[in-house]
Amino acid sequence: MNDSFENTAYIFGKYAEKYLEKYRDPGTASPYLDRLIEALPHDASVLDIGCGPGINGIYLKSRSPEIRYTGIDLAPGMISLAKSNIPDGDFRVLNCRDISLLKTNYKGVVMSFCTPYLSPAVFEETVTSLSELMEREALLYLSFIEDDPSRSGFEKRSSDDSEGLYVHYYRREDILALMTRAGFRLLAYENHPLENPYHSTSLEAHSLYVRNK
(Lines give C-alpha, C1' and ligand atoms only; values in the text may rest on other atoms or scores of the structure.)
Protein backbone atom coordinates (compact mmCIF):
# COMPACT_ATOMS: atom_id res chain seq x y z
CA MET A 1 0.00 0.00 0.00
CA ASN A 2 1.49 3.37 -0.98
CA ASP A 3 1.61 6.47 1.23
CA SER A 4 -1.58 7.94 -0.27
CA PHE A 5 -3.61 4.80 0.45
CA GLU A 6 -2.09 4.50 3.93
CA ASN A 7 -3.01 8.10 4.75
CA THR A 8 -6.55 7.66 3.41
CA ALA A 9 -7.02 4.50 5.49
CA TYR A 10 -5.61 6.26 8.56
CA ILE A 11 -7.80 9.37 8.27
CA PHE A 12 -11.05 7.54 7.57
CA GLY A 13 -10.31 4.97 10.25
CA LYS A 14 -9.51 7.63 12.85
CA TYR A 15 -12.71 9.57 12.17
CA ALA A 16 -15.03 6.66 11.34
CA GLU A 17 -17.42 7.35 14.23
CA LYS A 18 -17.65 11.06 13.41
CA TYR A 19 -18.22 10.21 9.73
CA LEU A 20 -21.16 7.98 10.67
CA GLU A 21 -22.61 10.69 12.92
CA LYS A 22 -22.39 13.27 10.13
CA TYR A 23 -23.64 11.12 7.26
CA ARG A 24 -26.56 9.07 8.54
CA ASP A 25 -28.16 8.51 5.15
CA PRO A 26 -27.11 8.61 1.47
CA GLY A 27 -28.62 12.08 0.95
CA THR A 28 -28.62 13.13 -2.70
CA ALA A 29 -27.46 9.65 -3.71
CA SER A 30 -30.79 8.16 -2.61
CA PRO A 31 -32.63 8.53 -5.96
CA TYR A 32 -29.81 6.72 -7.76
CA LEU A 33 -29.65 3.96 -5.16
CA ASP A 34 -33.43 3.64 -5.58
CA ARG A 35 -33.03 3.20 -9.33
CA LEU A 36 -30.29 0.66 -8.77
CA ILE A 37 -32.24 -1.48 -6.32
CA GLU A 38 -35.50 -1.27 -8.27
CA ALA A 39 -33.78 -2.69 -11.36
CA LEU A 40 -32.13 -5.62 -9.57
CA PRO A 41 -33.50 -9.04 -8.55
CA HIS A 42 -34.53 -9.14 -4.89
CA ASP A 43 -31.57 -11.40 -4.04
CA ALA A 44 -28.96 -9.72 -6.25
CA SER A 45 -25.28 -9.60 -5.27
CA VAL A 46 -24.22 -5.98 -4.72
CA LEU A 47 -20.67 -4.70 -4.17
CA ASP A 48 -20.01 -1.39 -2.40
CA ILE A 49 -16.48 -0.07 -3.03
CA GLY A 50 -15.32 2.27 -0.27
CA CYS A 51 -18.35 1.24 1.78
CA GLY A 52 -17.38 3.24 4.85
CA PRO A 53 -19.59 2.45 7.86
CA GLY A 54 -22.25 0.90 5.60
CA ILE A 55 -24.47 3.92 4.98
CA ASN A 56 -25.40 2.84 1.46
CA GLY A 57 -25.78 -0.75 2.55
CA ILE A 58 -28.21 0.15 5.33
CA TYR A 59 -30.31 2.05 2.81
CA LEU A 60 -30.20 -0.69 0.17
CA LYS A 61 -31.05 -3.42 2.69
CA SER A 62 -34.00 -1.36 3.95
CA ARG A 63 -35.34 -1.28 0.39
CA SER A 64 -34.51 -4.89 -0.49
CA PRO A 65 -33.63 -6.98 2.60
CA GLU A 66 -32.65 -10.09 0.65
CA ILE A 67 -29.84 -8.56 -1.41
CA ARG A 68 -26.41 -10.10 -0.84
CA TYR A 69 -24.34 -7.11 0.14
CA THR A 70 -20.53 -7.01 0.09
CA GLY A 71 -18.61 -3.97 1.28
CA ILE A 72 -14.90 -3.26 0.96
CA ASP A 73 -12.92 -0.40 2.47
CA LEU A 74 -9.30 0.50 3.23
CA ALA A 75 -10.04 1.48 6.83
CA PRO A 76 -10.49 -1.31 9.41
CA GLY A 77 -12.40 1.14 11.62
CA MET A 78 -14.97 1.69 8.88
CA ILE A 79 -15.34 -2.04 8.27
CA SER A 80 -15.86 -2.63 11.99
CA LEU A 81 -18.75 -0.14 12.03
CA ALA A 82 -20.21 -1.59 8.84
CA LYS A 83 -20.26 -5.08 10.34
CA SER A 84 -22.19 -3.75 13.33
CA ASN A 85 -24.64 -1.88 11.12
CA ILE A 86 -25.25 -4.76 8.67
CA PRO A 87 -24.72 -8.07 10.50
CA ASP A 88 -25.58 -10.22 7.48
CA GLY A 89 -23.23 -8.35 5.12
CA ASP A 90 -19.89 -9.60 3.83
CA PHE A 91 -17.16 -7.09 4.68
CA ARG A 92 -13.46 -7.02 3.90
CA VAL A 93 -10.58 -4.63 4.44
CA LEU A 94 -9.47 -4.44 0.84
CA ASN A 95 -7.78 -1.99 -1.50
CA CYS A 96 -9.89 -1.30 -4.59
CA ARG A 97 -6.83 -2.20 -6.68
CA ASP A 98 -7.24 -5.76 -5.39
CA ILE A 99 -10.89 -6.30 -6.28
CA SER A 100 -9.85 -9.02 -8.72
CA LEU A 101 -9.50 -11.17 -5.58
CA LEU A 102 -13.29 -11.13 -5.28
CA LYS A 103 -14.79 -14.05 -7.15
CA THR A 104 -18.49 -13.16 -7.15
CA ASN A 105 -20.23 -11.88 -10.28
CA TYR A 106 -22.17 -8.80 -9.17
CA LYS A 107 -25.49 -7.55 -10.48
CA GLY A 108 -24.97 -4.14 -8.92
CA VAL A 109 -21.99 -2.04 -7.82
CA VAL A 110 -21.80 1.17 -5.81
CA MET A 111 -18.86 3.58 -5.95
CA SER A 112 -20.10 6.43 -3.77
CA PHE A 113 -17.49 9.13 -3.28
CA CYS A 114 -14.45 6.92 -3.09
CA THR A 115 -13.50 8.36 -6.49
CA PRO A 116 -12.09 11.64 -5.07
CA TYR A 117 -9.43 9.61 -3.26
CA LEU A 118 -8.35 7.68 -6.35
CA SER A 119 -5.87 8.99 -8.89
CA PRO A 120 -7.03 8.81 -12.53
CA ALA A 121 -4.72 5.84 -13.15
CA VAL A 122 -6.00 3.92 -10.11
CA PHE A 123 -9.60 4.80 -10.93
CA GLU A 124 -9.24 3.46 -14.46
CA GLU A 125 -7.48 0.34 -13.21
CA THR A 126 -10.29 -0.24 -10.70
CA VAL A 127 -13.12 0.24 -13.19
CA THR A 128 -11.43 -1.99 -15.76
CA SER A 129 -11.03 -4.76 -13.18
CA LEU A 130 -14.55 -4.16 -11.99
CA SER A 131 -16.04 -4.80 -15.41
CA GLU A 132 -14.71 -8.36 -15.19
CA LEU A 133 -16.59 -8.92 -11.91
CA MET A 134 -19.93 -7.70 -13.21
CA GLU A 135 -22.53 -9.62 -15.15
CA ARG A 136 -23.59 -8.28 -18.54
CA GLU A 137 -26.30 -5.63 -18.06
CA ALA A 138 -25.23 -5.19 -14.42
CA LEU A 139 -25.61 -1.66 -13.04
CA LEU A 140 -23.02 0.66 -11.52
CA TYR A 141 -23.81 3.74 -9.46
CA LEU A 142 -20.87 6.14 -9.54
CA SER A 143 -20.43 9.51 -7.86
CA PHE A 144 -17.50 11.90 -8.01
CA ILE A 145 -16.58 15.55 -7.50
CA GLU A 146 -16.80 17.41 -10.77
CA ASP A 147 -14.29 20.23 -11.18
CA ASP A 148 -11.07 21.16 -12.97
CA PRO A 149 -8.56 18.31 -12.42
CA SER A 150 -5.76 20.85 -12.07
CA ARG A 151 -7.27 21.78 -8.71
CA SER A 152 -6.56 18.31 -7.33
CA GLY A 153 -4.28 18.36 -4.31
CA PHE A 154 -3.80 17.92 -0.59
CA GLU A 155 -6.64 19.42 1.44
CA LYS A 156 -6.53 19.85 5.21
CA ARG A 157 -9.49 18.87 7.36
CA SER A 158 -9.48 22.42 8.76
CA SER A 159 -7.28 25.50 8.56
CA ASP A 160 -5.58 24.71 11.87
CA ASP A 161 -5.17 20.99 11.21
CA SER A 162 -2.11 19.26 9.77
CA GLU A 163 -4.15 16.20 8.77
CA GLY A 164 -5.80 15.96 5.40
CA LEU A 165 -6.36 13.99 2.23
CA TYR A 166 -5.28 14.26 -1.38
CA VAL A 167 -8.48 14.98 -3.31
CA HIS A 168 -8.90 14.31 -7.02
CA TYR A 169 -11.34 16.28 -9.18
CA TYR A 170 -12.68 14.98 -12.48
CA ARG A 171 -14.32 16.38 -15.57
CA ARG A 172 -17.57 14.74 -16.61
CA GLU A 173 -16.30 14.07 -20.13
CA ASP A 174 -13.14 12.38 -18.82
CA ILE A 175 -15.17 10.05 -16.60
CA LEU A 176 -17.51 9.23 -19.48
CA ALA A 177 -14.62 8.44 -21.84
CA LEU A 178 -12.96 6.23 -19.26
CA MET A 179 -16.18 4.37 -18.48
CA THR A 180 -16.87 3.84 -22.17
CA ARG A 181 -13.42 2.34 -22.67
CA ALA A 182 -14.08 -0.03 -19.77
CA GLY A 183 -17.29 -1.28 -21.37
CA PHE A 184 -19.97 0.79 -19.63
CA ARG A 185 -22.83 2.82 -21.09
CA LEU A 186 -24.23 5.89 -19.35
CA LEU A 187 -27.90 5.68 -18.37
CA ALA A 188 -28.35 8.77 -16.21
CA TYR A 189 -26.36 11.72 -14.90
CA GLU A 190 -26.96 14.81 -12.79
CA ASN A 191 -24.99 17.17 -10.62
CA HIS A 192 -25.59 19.57 -7.75
CA PRO A 193 -23.55 22.37 -6.19
CA LEU A 194 -21.20 20.99 -3.55
CA GLU A 195 -20.29 22.91 -0.42
CA ASN A 196 -16.53 22.93 -0.78
CA PRO A 197 -14.42 25.37 1.25
CA TYR A 198 -11.60 25.04 -1.27
CA HIS A 199 -13.42 25.54 -4.59
CA SER A 200 -16.80 27.22 -5.08
CA THR A 201 -17.18 25.67 -8.54
CA SER A 202 -17.21 22.04 -7.35
CA LEU A 203 -20.22 19.89 -8.22
CA GLU A 204 -21.46 16.69 -6.63
CA ALA A 205 -21.97 14.37 -9.61
CA HIS A 206 -24.15 11.25 -9.68
CA SER A 207 -24.34 8.75 -12.52
CA LEU A 208 -25.73 5.34 -13.37
CA TYR A 209 -24.03 3.01 -15.87
CA VAL A 210 -24.81 -0.37 -17.35
CA ARG A 211 -22.12 -2.88 -18.26
CA ASN A 212 -22.58 -3.61 -21.95
CA LYS A 213 -19.61 -5.84 -22.77
# chains A, B, ... in the order shown; residues from 1 in each chain; ligands from 1

call {"tool": "select_by_dssp", "arguments": {"residues": "region 32-86 of chain A", "states": "strand (DSSP E or B)", "output": "list in words"}}
result
Ser45, Val46, Leu47, Asp48, Ile49, Arg68, Tyr69, Thr70, Gly71, Ile72 and Asp73 of chain A

call {"tool": "closest_atom_pairs", "arguments": {"of": "region 115-167 of chain A", "to": "region 27-46 of chain A", "cutoff": "10 Å", "atoms": "only C-alpha atoms", "output": "tab-separated table"}}
result
residue	atom	partner	partner_atom	distance
A:Met134	CA	A:Val46	CA	9.7
A:Ala138	CA	A:Leu40	CA	8.5
A:Leu139	CA	A:Leu36	CA	6.7
A:Leu140	CA	A:Leu36	CA	7.8
A:Tyr141	CA	A:Tyr32	CA	6.9
A:Leu142	CA	A:Tyr32	CA	9.1
A:Ser143	CA	A:Ala29	CA	8.2

call {"tool": "residues_around", "arguments": {"residues": "His199 (chain A)", "least_positions_apart": "3", "cutoff": "10 Å", "atoms": "only C-alpha atoms", "output": "MDAnalysis selection string"}}
result
chainID A and resid 147:148 151 194:196 202:203

call {"tool": "write_last_selection", "arguments": {"atoms": "N, CA and C atoms", "output": "tab-separated table (two decimals), in the first residue's frame"}}
result
chain	number	residue	atom	x	y	z
A	147	ASP	N	-14.99	18.95	-11.20
A	147	ASP	CA	-14.29	20.23	-11.18
A	147	ASP	C	-13.03	20.09	-12.04
A	148	ASP	N	-12.30	21.17	-12.18
A	148	ASP	CA	-11.07	21.16	-12.97
A	148	ASP	C	-10.04	20.25	-12.31
A	151	ARG	N	-7.07	21.36	-10.09
A	151	ARG	CA	-7.27	21.78	-8.71
A	151	ARG	C	-7.07	20.64	-7.72
A	194	LEU	N	-21.79	21.65	-4.71
A	194	LEU	CA	-21.20	20.99	-3.55
A	194	LEU	C	-20.58	22.05	-2.65
A	195	GLU	N	-20.91	21.99	-1.37
A	195	GLU	CA	-20.29	22.91	-0.42
A	195	GLU	C	-18.84	22.49	-0.20
A	196	ASN	N	-17.95	23.25	-0.80
A	196	ASN	CA	-16.53	22.93	-0.78
A	196	ASN	C	-15.76	24.18	-0.38
A	202	SER	N	-17.09	23.49	-7.41
A	202	SER	CA	-17.21	22.04	-7.35
A	202	SER	C	-18.67	21.60	-7.41
A	203	LEU	N	-18.88	20.47	-8.09
A	203	LEU	CA	-20.22	19.89	-8.22
A	203	LEU	C	-20.19	18.46	-7.71

call {"tool": "closest_residue", "arguments": {"among": "A:Arg172, A:Leu178, A:Arg92, A:Pro76", "to": "Glu125 (chain A)", "atoms": "only C-alpha atoms"}}
result
A:Leu178

call {"tool": "closest_residue", "arguments": {"among": "A:Thr128, A:Glu163, A:Phe113, A:Phe5", "to": "Asn95 (chain A)", "atoms": "only C-alpha atoms"}}
result
A:Phe5

call {"tool": "atom_distance", "arguments": {"atom1": "CA of Ala9 (chain A)", "atom2": "CA of Thr201 (chain A)"}}
result
27.4 Å

call {"tool": "atom_distance", "arguments": {"atom1": "CA of Pro87 (chain A)", "atom2": "CA of Thr8 (chain A)"}}
result
25.1 Å
